[in-house]
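Asker: Sending over my_file.pdb (PDB, C-alpha atoms and all ligand atoms).
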```
MODEL        1
ATOM      1  CA  MET A  20     -46.380 184.293-199.107
ATOM      2  CA  ALA A  21     -49.415 183.834-201.270
ATOM      3  CA  SER A  22     -52.541 182.543-199.613
ATOM      4  CA  PHE A  23     -56.081 181.960-200.790
ATOM      5  CA  PRO A  24     -57.529 183.283-203.043
ATOM      6  CA  GLU A  25     -54.213 183.943-204.895
ATOM      7  CA  SER A  26     -52.867 180.537-203.922
ATOM      8  CA  ARG A  27     -55.021 177.736-205.275
ATOM      9  CA  PRO A  28     -53.337 174.299-205.069
ATOM     10  CA  ARG A  29     -56.148 172.890-207.201
ATOM     11  CA  ARG A  30     -54.630 174.678-210.225
ATOM     12  CA  LEU A  31     -52.043 171.933-210.330
ATOM     13  CA  ARG A  32     -54.630 169.158-210.154
ATOM     14  CA  ARG A  33     -57.009 170.224-212.882
ATOM     15  CA  THR A  34     -55.995 167.817-215.649
ATOM     16  CA  GLY A  35     -54.011 164.637-215.996
ATOM     17  CA  GLU A  36     -51.328 166.502-217.910
ATOM     18  CA  ILE A  37     -50.906 169.140-215.217
ATOM     19  CA  ARG A  38     -50.834 166.489-212.484
ATOM     20  CA  ALA A  39     -48.158 164.545-214.354
ATOM     21  CA  PHE A  40     -46.213 167.774-214.877
ATOM     22  CA  VAL A  41     -45.772 168.307-211.103
ATOM     23  CA  ARG A  42     -45.639 164.667-209.975
ATOM     24  CA  GLU A  43     -42.887 164.209-207.371
ATOM     25  CA  THR A  44     -42.571 160.443-207.313
ATOM     26  CA  THR A  45     -42.557 157.971-210.159
ATOM     27  CA  VAL A  46     -42.408 154.207-210.337
ATOM     28  CA  SER A  47     -41.064 152.467-213.400
ATOM     29  CA  PRO A  48     -40.418 148.811-214.213
ATOM     30  CA  ALA A  49     -36.700 149.624-213.901
ATOM     31  CA  ASP A  50     -37.272 150.183-210.156
ATOM     32  CA  LEU A  51     -38.661 146.703-209.573
ATOM     33  CA  ILE A  52     -37.235 143.260-208.801
ATOM     34  CA  LEU A  53     -39.333 140.148-209.397
ATOM     35  CA  PRO A  54     -39.122 137.290-206.836
ATOM     36  CA  LEU A  55     -39.355 133.781-208.347
ATOM     37  CA  PHE A  56     -39.767 130.382-206.671
ATOM     38  CA  VAL A  57     -37.925 127.512-208.300
ATOM     39  CA  THR A  58     -38.850 123.875-207.793
ATOM     40  CA  PRO A  59     -37.388 120.610-209.179
ATOM     41  CA  GLY A  60     -38.647 118.925-212.338
ATOM     42  CA  ALA A  61     -39.731 120.048-215.784
ATOM     43  CA  ARG A  62     -42.897 121.763-217.013
ATOM     44  CA  VAL A  63     -43.972 122.316-213.398
ATOM     45  CA  ARG A  64     -46.111 125.337-212.609
ATOM     46  CA  ASN A  65     -47.845 125.163-209.223
ATOM     47  CA  PRO A  66     -49.990 128.177-208.379
ATOM     48  CA  VAL A  67     -49.497 129.442-204.821
ATOM     49  CA  ALA A  68     -53.012 129.511-203.350
ATOM     50  CA  SER A  69     -52.422 132.453-201.042
ATOM     51  CA  MET A  70     -50.677 134.531-203.741
ATOM     52  CA  PRO A  71     -52.904 134.693-206.826
ATOM     53  CA  GLY A  72     -50.669 135.351-209.834
ATOM     54  CA  VAL A  73     -47.568 133.722-208.278
ATOM     55  CA  ASP A  74     -46.414 130.176-209.136
ATOM     56  CA  GLN A  75     -43.723 127.772-208.051
ATOM     57  CA  THR A  76     -42.019 126.738-211.290
ATOM     58  CA  SER A  77     -39.379 124.396-212.592
ATOM     59  CA  VAL A  78     -36.349 125.937-214.284
ATOM     60  CA  ASP A  79     -37.813 125.744-217.834
ATOM     61  CA  GLU A  80     -40.959 127.625-216.800
ATOM     62  CA  LEU A  81     -38.942 130.036-214.689
ATOM     63  CA  LEU A  82     -37.033 131.006-217.819
ATOM     64  CA  ARG A  83     -40.310 132.044-219.496
ATOM     65  CA  ASP A  84     -41.278 134.213-216.538
ATOM     66  CA  ALA A  85     -37.825 135.744-216.387
ATOM     67  CA  GLU A  86     -37.853 136.421-220.122
ATOM     68  CA  GLU A  87     -41.179 138.183-219.834
ATOM     69  CA  ALA A  88     -39.829 140.260-216.951
ATOM     70  CA  MET A  89     -36.866 141.277-219.044
ATOM     71  CA  ARG A  90     -39.036 142.201-222.019
ATOM     72  CA  LEU A  91     -41.116 144.373-219.687
ATOM     73  CA  GLY A  92     -38.045 146.320-218.557
ATOM     74  CA  ILE A  93     -37.575 144.687-215.148
ATOM     75  CA  PRO A  94     -33.804 144.531-214.524
ATOM     76  CA  ALA A  95     -33.563 141.726-211.962
ATOM     77  CA  VAL A  96     -35.099 138.622-210.444
ATOM     78  CA  LEU A  97     -34.710 137.362-206.857
ATOM     79  CA  LEU A  98     -34.521 133.574-206.564
ATOM     80  CA  PHE A  99     -35.929 131.317-203.846
ATOM     81  CA  GLY A 100     -35.636 127.528-203.910
ATOM     82  CA  ILE A 101     -38.004 124.737-202.960
ATOM     83  CA  PRO A 102     -35.601 121.787-202.722
ATOM     84  CA  GLU A 103     -36.244 118.089-203.256
ATOM     85  CA  SER A 104     -35.134 117.257-199.706
ATOM     86  CA  LYS A 105     -34.514 119.057-196.429
ATOM     87  CA  ASP A 106     -32.290 118.205-193.470
ATOM     88  CA  GLU A 107     -31.194 119.640-190.111
ATOM     89  CA  VAL A 108     -28.429 121.754-191.647
ATOM     90  CA  GLY A 109     -30.074 122.789-194.923
ATOM     91  CA  SER A 110     -27.475 121.101-197.116
ATOM     92  CA  SER A 111     -29.675 121.185-200.246
ATOM     93  CA  GLY A 112     -29.268 124.959-200.077
ATOM     94  CA  TYR A 113     -25.539 124.878-200.793
ATOM     95  CA  HIS A 114     -25.352 121.907-203.121
ATOM     96  CA  GLU A 115     -23.616 122.598-206.421
ATOM     97  CA  HIS A 116     -26.613 121.168-208.309
ATOM     98  CA  GLY A 117     -29.352 122.495-206.019
ATOM     99  CA  VAL A 118     -32.505 123.960-207.556
ATOM    100  CA  VAL A 119     -31.377 127.556-207.175
ATOM    101  CA  GLN A 120     -27.889 126.819-208.500
ATOM    102  CA  GLN A 121     -29.454 125.153-211.575
ATOM    103  CA  ALA A 122     -31.783 128.110-212.073
ATOM    104  CA  ILE A 123     -28.897 130.579-211.860
ATOM    105  CA  ARG A 124     -26.918 128.688-214.498
ATOM    106  CA  ALA A 125     -29.901 128.474-216.832
ATOM    107  CA  LEU A 126     -30.751 132.162-216.402
ATOM    108  CA  LYS A 127     -27.204 133.351-217.009
ATOM    109  CA  ARG A 128     -26.940 131.085-220.061
ATOM    110  CA  GLU A 129     -30.288 132.071-221.626
ATOM    111  CA  ILE A 130     -30.800 135.679-220.473
ATOM    112  CA  PRO A 131     -27.327 136.958-219.508
ATOM    113  CA  GLU A 132     -28.413 140.612-219.329
ATOM    114  CA  LEU A 133     -31.015 139.946-216.619
ATOM    115  CA  LEU A 134     -29.529 140.383-213.136
ATOM    116  CA  VAL A 135     -29.846 137.367-210.874
ATOM    117  CA  VAL A 136     -30.111 138.092-207.152
ATOM    118  CA  THR A 137     -30.253 135.128-204.776
ATOM    119  CA  ASP A 138     -31.785 134.820-201.329
ATOM    120  CA  VAL A 139     -29.226 133.451-198.880
ATOM    121  CA  CYS A 140     -31.007 131.796-195.947
ATOM    122  CA  LEU A 141     -31.376 128.258-194.624
ATOM    123  CA  CYS A 142     -35.106 128.254-193.879
ATOM    124  CA  GLU A 143     -36.248 126.809-197.197
ATOM    125  CA  TYR A 144     -33.747 123.959-196.826
ATOM    126  CA  THR A 145     -33.933 122.955-193.146
ATOM    127  CA  SER A 146     -36.300 120.219-191.941
ATOM    128  CA  HIS A 147     -37.251 122.416-188.958
ATOM    129  CA  GLY A 148     -37.812 125.523-191.104
ATOM    130  CA  HIS A 149     -35.612 127.874-189.080
ATOM    131  CA  CYS A 150     -33.153 130.247-190.740
ATOM    132  CA  GLY A 151     -30.126 128.695-189.039
ATOM    133  CA  VAL A 152     -28.933 125.474-187.445
ATOM    134  CA  LEU A 153     -30.293 124.483-184.054
ATOM    135  CA  GLN A 154     -28.667 124.023-180.680
ATOM    136  CA  GLY A 155     -31.558 122.401-178.815
ATOM    137  CA  THR A 156     -34.419 124.700-179.736
ATOM    138  CA  ASP A 157     -32.230 127.794-180.191
ATOM    139  CA  VAL A 158     -30.910 128.986-183.521
ATOM    140  CA  ASP A 159     -27.110 128.885-183.178
ATOM    141  CA  ASN A 160     -25.817 132.125-184.677
ATOM    142  CA  ASP A 161     -22.115 131.338-185.058
ATOM    143  CA  ALA A 162     -22.612 127.779-186.251
ATOM    144  CA  THR A 163     -24.945 129.087-188.979
ATOM    145  CA  LEU A 164     -22.490 131.600-190.440
ATOM    146  CA  PRO A 165     -20.201 129.144-192.305
ATOM    147  CA  LEU A 166     -23.242 127.468-193.881
ATOM    148  CA  LEU A 167     -24.528 130.802-195.141
ATOM    149  CA  ALA A 168     -21.075 131.468-196.577
ATOM    150  CA  ARG A 169     -21.144 128.114-198.384
ATOM    151  CA  MET A 170     -24.549 128.956-199.809
ATOM    152  CA  ALA A 171     -23.466 132.398-201.012
ATOM    153  CA  LEU A 172     -20.338 130.893-202.591
ATOM    154  CA  SER A 173     -22.343 128.204-204.361
ATOM    155  CA  HIS A 174     -24.588 130.937-205.799
ATOM    156  CA  ALA A 175     -21.612 133.007-206.904
ATOM    157  CA  GLU A 176     -19.966 129.951-208.482
ATOM    158  CA  ALA A 177     -23.173 129.281-210.428
ATOM    159  CA  GLY A 178     -23.064 132.853-211.730
ATOM    160  CA  ALA A 179     -25.283 134.925-209.403
ATOM    161  CA  ASP A 180     -24.843 138.678-209.868
ATOM    162  CA  VAL A 181     -25.821 139.680-206.308
ATOM    163  CA  VAL A 182     -26.290 137.709-203.072
ATOM    164  CA  ALA A 183     -28.919 138.772-200.554
ATOM    165  CA  PRO A 184     -28.681 137.344-197.016
ATOM    166  CA  SER A 185     -32.116 137.291-195.330
ATOM    167  CA  ASP A 186     -31.386 135.133-192.283
ATOM    168  CA  MET A 187     -30.748 137.944-189.753
ATOM    169  CA  MET A 188     -27.815 136.213-188.031
ATOM    170  CA  ASP A 189     -25.331 138.626-186.473
ATOM    171  CA  GLY A 190     -22.138 138.890-188.466
ATOM    172  CA  ARG A 191     -23.451 137.309-191.673
ATOM    173  CA  VAL A 192     -22.490 140.198-193.912
ATOM    174  CA  SER A 193     -18.805 140.193-192.942
ATOM    175  CA  THR A 194     -18.775 136.387-193.098
ATOM    176  CA  LEU A 195     -20.162 136.456-196.640
ATOM    177  CA  ARG A 196     -17.849 139.283-197.688
ATOM    178  CA  ASN A 197     -14.781 137.423-196.451
ATOM    179  CA  ALA A 198     -15.880 134.174-198.058
ATOM    180  CA  LEU A 199     -16.596 135.827-201.406
ATOM    181  CA  ASP A 200     -13.364 137.842-201.390
ATOM    182  CA  GLY A 201     -11.346 134.773-200.411
ATOM    183  CA  SER A 202     -12.665 132.784-203.363
ATOM    184  CA  GLY A 203     -12.250 135.242-206.193
ATOM    185  CA  PHE A 204     -15.679 136.857-205.925
ATOM    186  CA  ALA A 205     -14.662 140.280-204.655
ATOM    187  CA  ALA A 206     -16.779 141.808-207.429
ATOM    188  CA  ILE A 207     -20.058 140.266-206.241
ATOM    189  CA  PRO A 208     -22.150 142.789-204.275
ATOM    190  CA  ILE A 209     -24.133 142.021-201.125
ATOM    191  CA  LEU A 210     -27.718 143.239-200.786
ATOM    192  CA  ALA A 211     -28.347 142.874-197.046
ATOM    193  CA  TYR A 212     -31.822 142.374-195.631
ATOM    194  CA  SER A 213     -30.701 144.738-192.883
ATOM    195  CA  ALA A 214     -33.934 145.727-191.179
ATOM    196  CA  LYS A 215     -36.008 142.596-191.481
ATOM    197  CA  PHE A 216     -38.888 142.506-189.060
ATOM    198  CA  ALA A 217     -40.617 139.461-187.509
ATOM    199  CA  SER A 218     -43.790 140.002-189.496
ATOM    200  CA  ALA A 219     -47.198 138.388-189.886
ATOM    201  CA  PHE A 220     -47.049 139.511-193.513
ATOM    202  CA  TYR A 221     -44.670 136.665-194.480
ATOM    203  CA  GLY A 222     -47.492 134.094-194.134
ATOM    204  CA  PRO A 223     -48.186 133.514-197.853
ATOM    205  CA  PHE A 224     -44.437 133.363-198.669
ATOM    206  CA  ARG A 225     -44.044 130.472-196.271
ATOM    207  CA  ASP A 226     -46.729 128.604-198.256
ATOM    208  CA  ALA A 227     -44.915 129.452-201.476
ATOM    209  CA  ALA A 228     -41.454 128.520-200.157
ATOM    210  CA  GLU A 229     -42.688 125.739-197.852
ATOM    211  CA  SER A 230     -40.591 127.258-195.071
ATOM    212  CA  THR A 231     -42.904 127.598-192.063
ATOM    213  CA  PRO A 232     -40.954 126.876-188.844
ATOM    214  CA  GLN A 233     -41.987 123.512-187.394
ATOM    215  CA  PHE A 234     -41.917 124.956-183.882
ATOM    216  CA  GLY A 235     -41.671 128.416-182.346
ATOM    217  CA  ASP A 236     -41.236 131.536-184.460
ATOM    218  CA  ARG A 237     -38.494 133.787-185.830
ATOM    219  CA  ARG A 238     -38.588 136.454-183.126
ATOM    220  CA  SER A 239     -35.200 135.540-181.681
ATOM    221  CA  TYR A 240     -33.512 136.657-184.910
ATOM    222  CA  GLN A 241     -35.895 138.891-186.893
ATOM    223  CA  MET A 242     -36.548 142.363-185.517
ATOM    224  CA  ASP A 243     -39.327 143.489-183.195
ATOM    225  CA  PRO A 244     -41.881 145.449-185.284
ATOM    226  CA  ALA A 245     -41.860 148.196-182.664
ATOM    227  CA  ASN A 246     -38.222 149.190-183.207
ATOM    228  CA  ALA A 247     -37.122 151.866-185.673
ATOM    229  CA  ARG A 248     -33.906 153.042-183.962
ATOM    230  CA  GLU A 249     -32.696 149.474-183.883
ATOM    231  CA  ALA A 250     -33.298 149.320-187.640
ATOM    232  CA  ILE A 251     -30.771 152.113-188.105
ATOM    233  CA  ARG A 252     -28.311 150.225-185.942
ATOM    234  CA  GLU A 253     -28.746 147.110-188.107
ATOM    235  CA  VAL A 254     -28.272 149.144-191.284
ATOM    236  CA  ARG A 255     -25.090 150.766-189.959
ATOM    237  CA  ALA A 256     -23.703 147.441-188.798
ATOM    238  CA  ASP A 257     -24.344 145.825-192.181
ATOM    239  CA  ILE A 258     -22.673 148.704-194.008
ATOM    240  CA  GLU A 259     -19.681 148.514-191.675
ATOM    241  CA  GLU A 260     -19.479 144.788-192.360
ATOM    242  CA  GLY A 261     -19.405 145.403-196.087
ATOM    243  CA  ALA A 262     -22.985 145.527-197.387
ATOM    244  CA  ASP A 263     -23.270 147.304-200.746
ATOM    245  CA  MET A 264     -27.040 147.795-200.582
ATOM    246  CA  VAL A 265     -29.463 147.659-197.671
ATOM    247  CA  MET A 266     -33.065 146.586-197.372
ATOM    248  CA  VAL A 267     -36.110 147.241-195.224
ATOM    249  CA  LYS A 268     -38.680 144.476-195.092
ATOM    250  CA  PRO A 269     -41.746 144.440-195.104
ATOM    251  CA  ALA A 270     -42.440 147.747-196.845
ATOM    252  CA  MET A 271     -45.857 149.274-196.307
ATOM    253  CA  PRO A 272     -46.124 148.802-192.511
ATOM    254  CA  TYR A 273     -42.554 150.185-192.240
ATOM    255  CA  LEU A 274     -42.622 153.282-194.460
ATOM    256  CA  ASP A 275     -41.260 155.355-191.577
ATOM    257  CA  VAL A 276     -38.302 152.992-191.310
ATOM    258  CA  ILE A 277     -37.644 153.253-195.047
ATOM    259  CA  HIS A 278     -37.694 157.018-194.698
ATOM    260  CA  ARG A 279     -35.303 156.993-191.744
ATOM    261  CA  VAL A 280     -32.909 154.627-193.472
ATOM    262  CA  ARG A 281     -33.021 156.826-196.577
ATOM    263  CA  THR A 282     -31.959 159.892-194.587
ATOM    264  CA  GLU A 283     -29.347 157.891-192.673
ATOM    265  CA  THR A 284     -27.343 156.452-195.562
ATOM    266  CA  GLU A 285     -26.148 157.219-199.084
ATOM    267  CA  TYR A 286     -26.187 153.515-199.923
ATOM    268  CA  PRO A 287     -28.910 152.185-202.217
ATOM    269  CA  VAL A 288     -32.052 151.425-200.204
ATOM    270  CA  PHE A 289     -34.275 148.536-201.217
ATOM    271  CA  ALA A 290     -37.705 147.728-199.809
ATOM    272  CA  TYR A 291     -39.389 144.334-199.951
ATOM    273  CA  HIS A 292     -43.105 144.568-200.585
ATOM    274  CA  VAL A 293     -43.767 141.129-199.102
ATOM    275  CA  SER A 294     -46.169 138.299-199.784
ATOM    276  CA  GLY A 295     -48.829 139.294-197.247
ATOM    277  CA  GLU A 296     -48.893 142.856-198.524
ATOM    278  CA  TYR A 297     -49.446 141.520-202.043
ATOM    279  CA  ALA A 298     -52.036 138.960-200.918
ATOM    280  CA  MET A 299     -54.089 141.585-199.077
ATOM    281  CA  VAL A 300     -54.504 143.728-202.157
ATOM    282  CA  GLN A 301     -55.144 140.749-204.430
ATOM    283  CA  ALA A 302     -57.751 139.276-202.063
ATOM    284  CA  ALA A 303     -59.639 142.529-201.605
ATOM    285  CA  ALA A 304     -59.554 143.180-205.350
ATOM    286  CA  GLU A 305     -60.853 139.665-206.092
ATOM    287  CA  ARG A 306     -63.863 140.414-203.916
ATOM    288  CA  GLY A 307     -64.424 143.702-205.638
ATOM    289  CA  TRP A 308     -63.730 145.554-202.385
ATOM    290  CA  ILE A 309     -60.955 147.696-203.834
ATOM    291  CA  ASP A 310     -59.673 148.560-207.300
ATOM    292  CA  GLY A 311     -56.627 146.281-207.564
ATOM    293  CA  ASP A 312     -54.871 148.261-210.325
ATOM    294  CA  ARG A 313     -55.083 151.543-208.488
ATOM    295  CA  ALA A 314     -54.192 149.993-205.126
ATOM    296  CA  MET A 315     -51.113 148.348-206.658
ATOM    297  CA  ARG A 316     -49.901 151.638-208.097
ATOM    298  CA  GLU A 317     -50.664 153.586-204.922
ATOM    299  CA  VAL A 318     -48.807 151.107-202.719
ATOM    300  CA  LEU A 319     -45.710 150.998-204.928
ATOM    301  CA  THR A 320     -45.714 154.798-205.208
ATOM    302  CA  SER A 321     -45.897 155.125-201.416
ATOM    303  CA  ILE A 322     -42.845 152.903-201.005
ATOM    304  CA  ARG A 323     -40.865 154.989-203.499
ATOM    305  CA  ARG A 324     -42.134 158.208-201.891
ATOM    306  CA  ALA A 325     -40.917 157.010-198.480
ATOM    307  CA  GLY A 326     -37.430 156.785-199.971
ATOM    308  CA  ALA A 327     -36.850 153.339-201.417
ATOM    309  CA  ASP A 328     -34.693 153.361-204.544
ATOM    310  CA  ARG A 329     -35.870 149.913-205.620
ATOM    311  CA  ILE A 330     -38.763 147.642-204.682
ATOM    312  CA  ILE A 331     -38.859 143.871-204.594
ATOM    313  CA  THR A 332     -42.447 142.996-205.425
ATOM    314  CA  TYR A 333     -44.590 140.128-206.716
ATOM    315  CA  TYR A 334     -46.390 142.859-208.653
ATOM    316  CA  ALA A 335     -43.361 143.612-210.826
ATOM    317  CA  ARG A 336     -44.754 142.072-214.013
ATOM    318  CA  GLN A 337     -48.349 143.167-213.415
ATOM    319  CA  PHE A 338     -47.160 146.717-212.785
ATOM    320  CA  ALA A 339     -45.085 146.705-215.953
ATOM    321  CA  ARG A 340     -48.032 145.284-217.935
ATOM    322  CA  GLY A 341     -50.252 147.997-216.495
ATOM    323  CA  THR A 342     -52.779 145.829-214.711
ATOM    324  CA  ALA A 343     -52.852 144.054-211.337
ATOM    325  CA  GLY A 344     -54.950 141.149-212.675
TER     326      GLY A 344
HETATM  327  C1  LIG B 401     -36.301 133.770-195.886
HETATM  328  C2  LIG B 401     -37.218 134.803-196.402
HETATM  329  C3  LIG B 401     -38.550 135.079-196.047
HETATM  330  C4  LIG B 401     -38.986 136.083-196.909
HETATM  331  C5  LIG B 401     -37.935 136.391-197.739
HETATM  332  N1  LIG B 401     -36.834 135.608-197.390
HETATM  333  C6  LIG B 401     -39.439 134.437-195.081
HETATM  334  C7  LIG B 401     -39.270 134.555-193.642
HETATM  335  O1  LIG B 401     -38.364 135.201-193.131
HETATM  336  O2  LIG B 401     -40.076 133.928-192.994
HETATM  337  C8  LIG B 401     -40.378 136.665-196.925
HETATM  338  C9  LIG B 401     -40.817 137.218-198.233
HETATM  339  C10 LIG B 401     -42.270 137.478-198.350
HETATM  340  O3  LIG B 401     -43.080 137.330-197.417
HETATM  341  O4  LIG B 401     -42.657 137.839-199.472
HETATM  342  N2  LIG B 401     -35.837 133.973-194.619
ENDMDL
END
```
Output the file's structure in the form of structure tokens.
Answerer:
Amino acid sequence: MASFPESRPRRLRRTGEIRAFVRETTVSPADLILPLFVTPGARVRNPVASMPGVDQTSVDELLRDAEEAMRLGIPAVLLFGIPESKDEVGSSGYHEHGVVQQAIRALKREIPELLVVTDVCLCEYTSHGHCGVLQGTDVDNDATLPLLARMALSHAEAGADVVAPSDMMDGRVSTLRNALDGSGFAAIPILAYSAKFASAFYGPFRDAAESTPQFGDRRSYQMDPANAREAIREVRADIEEGADMVMVKPAMPYLDVIHRVRTETEYPVFAYHVSGEYAMVQAAAERGWIDGDRAMREVLTSIRRAGADRIITYYARQFARGTAG
């Protein structure tokens, strides 16, 4: 085995060309999925204060953003809805003409080659902001499942390419699979938010999606940040129930979990670089405390290096354009 002075690792770092020649991990726009927030109306573009560079948009404006994403080589968008009205059971989330359902139809009509992934969860549509229906102050797992199935079906009927349950109810993946298969949608894949942790880093998203719980928190259904073995158990359960792709969320504080999931399964592994992770970099860059472009690239590279095949990130377009700003 060669050692110094024969071995000199710096030989491979001397120039940009040499560094690129031996680079182990790459990130390309084709690895990224862009989340979009759709709101009712026309010509609406509301900037999200805590996520500079991210807007809530009406369907017409959403089409522009999606078109740009496609031109930049991003293969998919992930849709979230901000509905006109909310109720106890989140019925605006599974309405045939809901905001997300309208957005899906418009996207598949105007940009058919762009993949449309939809978030399946009640929290944006319930008056209390929880991810399921309530029994007193508890989220009722089994009563929530049929509503999630209705939502997933309404997305599939509108033309969604992939449905992505993010609610963390037990049994949701098999419920969705059965519902889809029973209604002629056996070909629609499920991207399961399998290891979704109860995270402080979702704060800005809840501003963007207007989905902050009105009481309590999500710790009775989202995972304890301390648990990595349990993440594997969730991933295995989702795959057994019929998930086609699995996800770890958030990404950067859970790189070890991404790595473990990667070694545990042959299924495609997605990571969600969430709102708070994005906001941290944007805020520090705005103050001139860090170089936003470099930080963006370093973060996304680290998530790929940990083992994620694909990354859901608000940075998708900025990354593809080459600048975080
Ligand atoms: C819905 C959902 C959330 C996120 C994605 N889907 C919020 C939550 O669980 O509170 C968070 C995404 C982000 O922070 O970027 N359940």
Asker: Counting only C-alpha atoms, find residues at most 10 Å from (-34.5, 119.4, -196.4) (file frame) and give them as a list in words.
Answerer: Ile101, Pro102, Glu103, Ser104, Lys105, Asp106, Glu107, Val108, Gly109, Ser110, Ser111, Gly112, Leu141, Cys142, Glu143, Tyr144, Thr145, Ser146, His147 and Gly148 of chain A
Asker: Against ligand LIG 401 (chain B), which residues of chain A fall within 8 Å? For each one I want the closest pair of atoms and the distance in Å (one decimal), counting all atoms listed in the file, rows by chain and increasing residue number, as CSV.
Answerer:
```
residue,atom,partner,partner_atom,distance
A:Phe99,CA,B:LIG401,N1,7.8
A:Asp138,CA,B:LIG401,N1,6.5
A:Val139,CA,B:LIG401,C1,7.7
A:Cys140,CA,B:LIG401,N2,5.5
A:Leu141,CA,B:LIG401,N2,7.2
A:Cys142,CA,B:LIG401,N2,5.8
A:Glu143,CA,B:LIG401,C1,7.1
A:Cys150,CA,B:LIG401,N2,6.0
A:Ser185,CA,B:LIG401,N2,5.0
A:Asp186,CA,B:LIG401,N2,5.2
A:Lys215,CA,B:LIG401,O1,7.9
A:Ala217,CA,B:LIG401,O1,7.4
A:Ser218,CA,B:LIG401,O2,7.9
A:Phe220,CA,B:LIG401,O3,6.0
A:Tyr221,CA,B:LIG401,O3,3.4
A:Gly222,CA,B:LIG401,O3,6.4
A:Pro223,CA,B:LIG401,O3,6.4
A:Phe224,CA,B:LIG401,O3,4.4
A:Arg225,CA,B:LIG401,C6,6.2
A:Ser230,CA,B:LIG401,O2,7.0
A:Thr231,CA,B:LIG401,O2,7.0
A:Arg237,CA,B:LIG401,O2,7.3
A:Gln241,CA,B:LIG401,O1,7.7
A:Pro269,CA,B:LIG401,O3,7.6
A:Tyr291,CA,B:LIG401,O4,7.3
A:His292,CA,B:LIG401,O4,6.8
A:Val293,CA,B:LIG401,O4,3.5
A:Ser294,CA,B:LIG401,O4,3.6
A:Gly295,CA,B:LIG401,O3,6.1
A:Thr332,CA,B:LIG401,O4,7.9
A:Tyr333,CA,B:LIG401,O4,7.8
```
Asker: Could you tell me how far CA of Phe56 in chain A sits from CA of Ala327 in chain A, in Å to one decimal place?
Answerer: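 Between CA of Ala327 in chain A and CA of Phe56 in chain A the gap works out to 23.7 Å.
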Asker: Between CA of Glu249 in chain A and CA of Val280 in chain A, what is the distance in Å, rounded to a tenth?
Answerer: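 Going from CA of Glu249 in chain A over to CA of Val280 in chain A covers 10.9 Å.
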Asker: Just the residues within 6 Å of Ala343 in chain A, please, counting all atoms listed in the file, with nothing from its chain fewer than 4 positions along; format it as a list in words.
Answerer: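 Once the adjacent positions are removed, what remains is Gly311, Asp312 and Gln337 of chain A.
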Asker: Go through A:Met271, A:Ala61, A:Ala39, A:Met266 one by one, measure the shortest atom-to-atom distance of each to Val118 in chain A using only C-alpha atoms, and give the residue with the smallest value.
Answerer: A:Ala61
Asker: Using all atoms listed in the file, can you tell me which of A:Val182, A:Ala125, A:Val67, A:Met20 comes closest to Leu199 in chain A?
Answerer: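 Residue with the minimum atom-to-atom distance to Leu199 in chain A: A:Val182.
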Asker: Evaluate the PyMOL selection byres (((chain A and resi 50) around 12) and not hetatm) on the structure here and hand back the selected residues as a tab-separated table (two decimals) with C-alpha atoms, keeping the file's coordinate frame.
Answerer:
```
chain	number	residue	atom	x	y	z
A	44	THR	CA	-42.57	160.44	-207.31
A	45	THR	CA	-42.56	157.97	-210.16
A	46	VAL	CA	-42.41	154.21	-210.34
A	47	SER	CA	-41.06	152.47	-213.40
A	48	PRO	CA	-40.42	148.81	-214.21
A	49	ALA	CA	-36.70	149.62	-213.90
A	51	LEU	CA	-38.66	146.70	-209.57
A	52	ILE	CA	-37.24	143.26	-208.80
A	53	LEU	CA	-39.33	140.15	-209.40
A	91	LEU	CA	-41.12	144.37	-219.69
A	92	GLY	CA	-38.04	146.32	-218.56
A	93	ILE	CA	-37.58	144.69	-215.15
A	94	PRO	CA	-33.80	144.53	-214.52
A	95	ALA	CA	-33.56	141.73	-211.96
A	96	VAL	CA	-35.10	138.62	-210.44
A	287	PRO	CA	-28.91	152.18	-202.22
A	288	VAL	CA	-32.05	151.43	-200.20
A	289	PHE	CA	-34.28	148.54	-201.22
A	290	ALA	CA	-37.70	147.73	-199.81
A	291	TYR	CA	-39.39	144.33	-199.95
A	319	LEU	CA	-45.71	151.00	-204.93
A	320	THR	CA	-45.71	154.80	-205.21
A	322	ILE	CA	-42.84	152.90	-201.00
A	323	ARG	CA	-40.86	154.99	-203.50
A	327	ALA	CA	-36.85	153.34	-201.42
A	328	ASP	CA	-34.69	153.36	-204.54
A	329	ARG	CA	-35.87	149.91	-205.62
A	330	ILE	CA	-38.76	147.64	-204.68
A	331	ILE	CA	-38.86	143.87	-204.59
A	332	THR	CA	-42.45	143.00	-205.42
A	334	TYR	CA	-46.39	142.86	-208.65
A	335	ALA	CA	-43.36	143.61	-210.83
A	336	ARG	CA	-44.75	142.07	-214.01
A	338	PHE	CA	-47.16	146.72	-212.78
A	339	ALA	CA	-45.08	146.71	-215.95
```
Asker: Ranking A:Arg191, A:Arg306, A:Arg30, A:Arg128 by minimum distance to Leu166 in chain A and counting only C-alpha atoms, which one comes first?
Answerer: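 The closest residue to Leu166 in chain A is A:Arg191.
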Asker: Could you check the closest approach to Thr76 in chain A for each of A:Val276, A:Val152, A:Ala227, A:Ile37 and tell me which residue wins, using all atoms listed in the file?
Answerer: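 Of all the options, A:Ala227 lies closest to Thr76 in chain A.
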Asker: Using Å and a single decimal, report how far CA of Pro71 in chain A sits from CA of Ala179 in chain A.
Answerer: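 About the pair CA of Ala179 in chain A and CA of Pro71 in chain A: they are 27.7 Å apart.
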Asker: Using all atoms listed in the file, which residues sit within 8 Å of Ala211 in chain A once same-chain residues fewer than 3 positions away are excluded, as a count of residues only?
Answerer: 10
Asker: Would you pick out the contacts of Val119 in chain A at 8 Å or less, using all atoms listed in the file, so that residues sharing its chain but fewer than 4 positions from it are not included, and give the list as a ChimeraX atom specification?
Answerer: /A:57,98-100,112,123,174
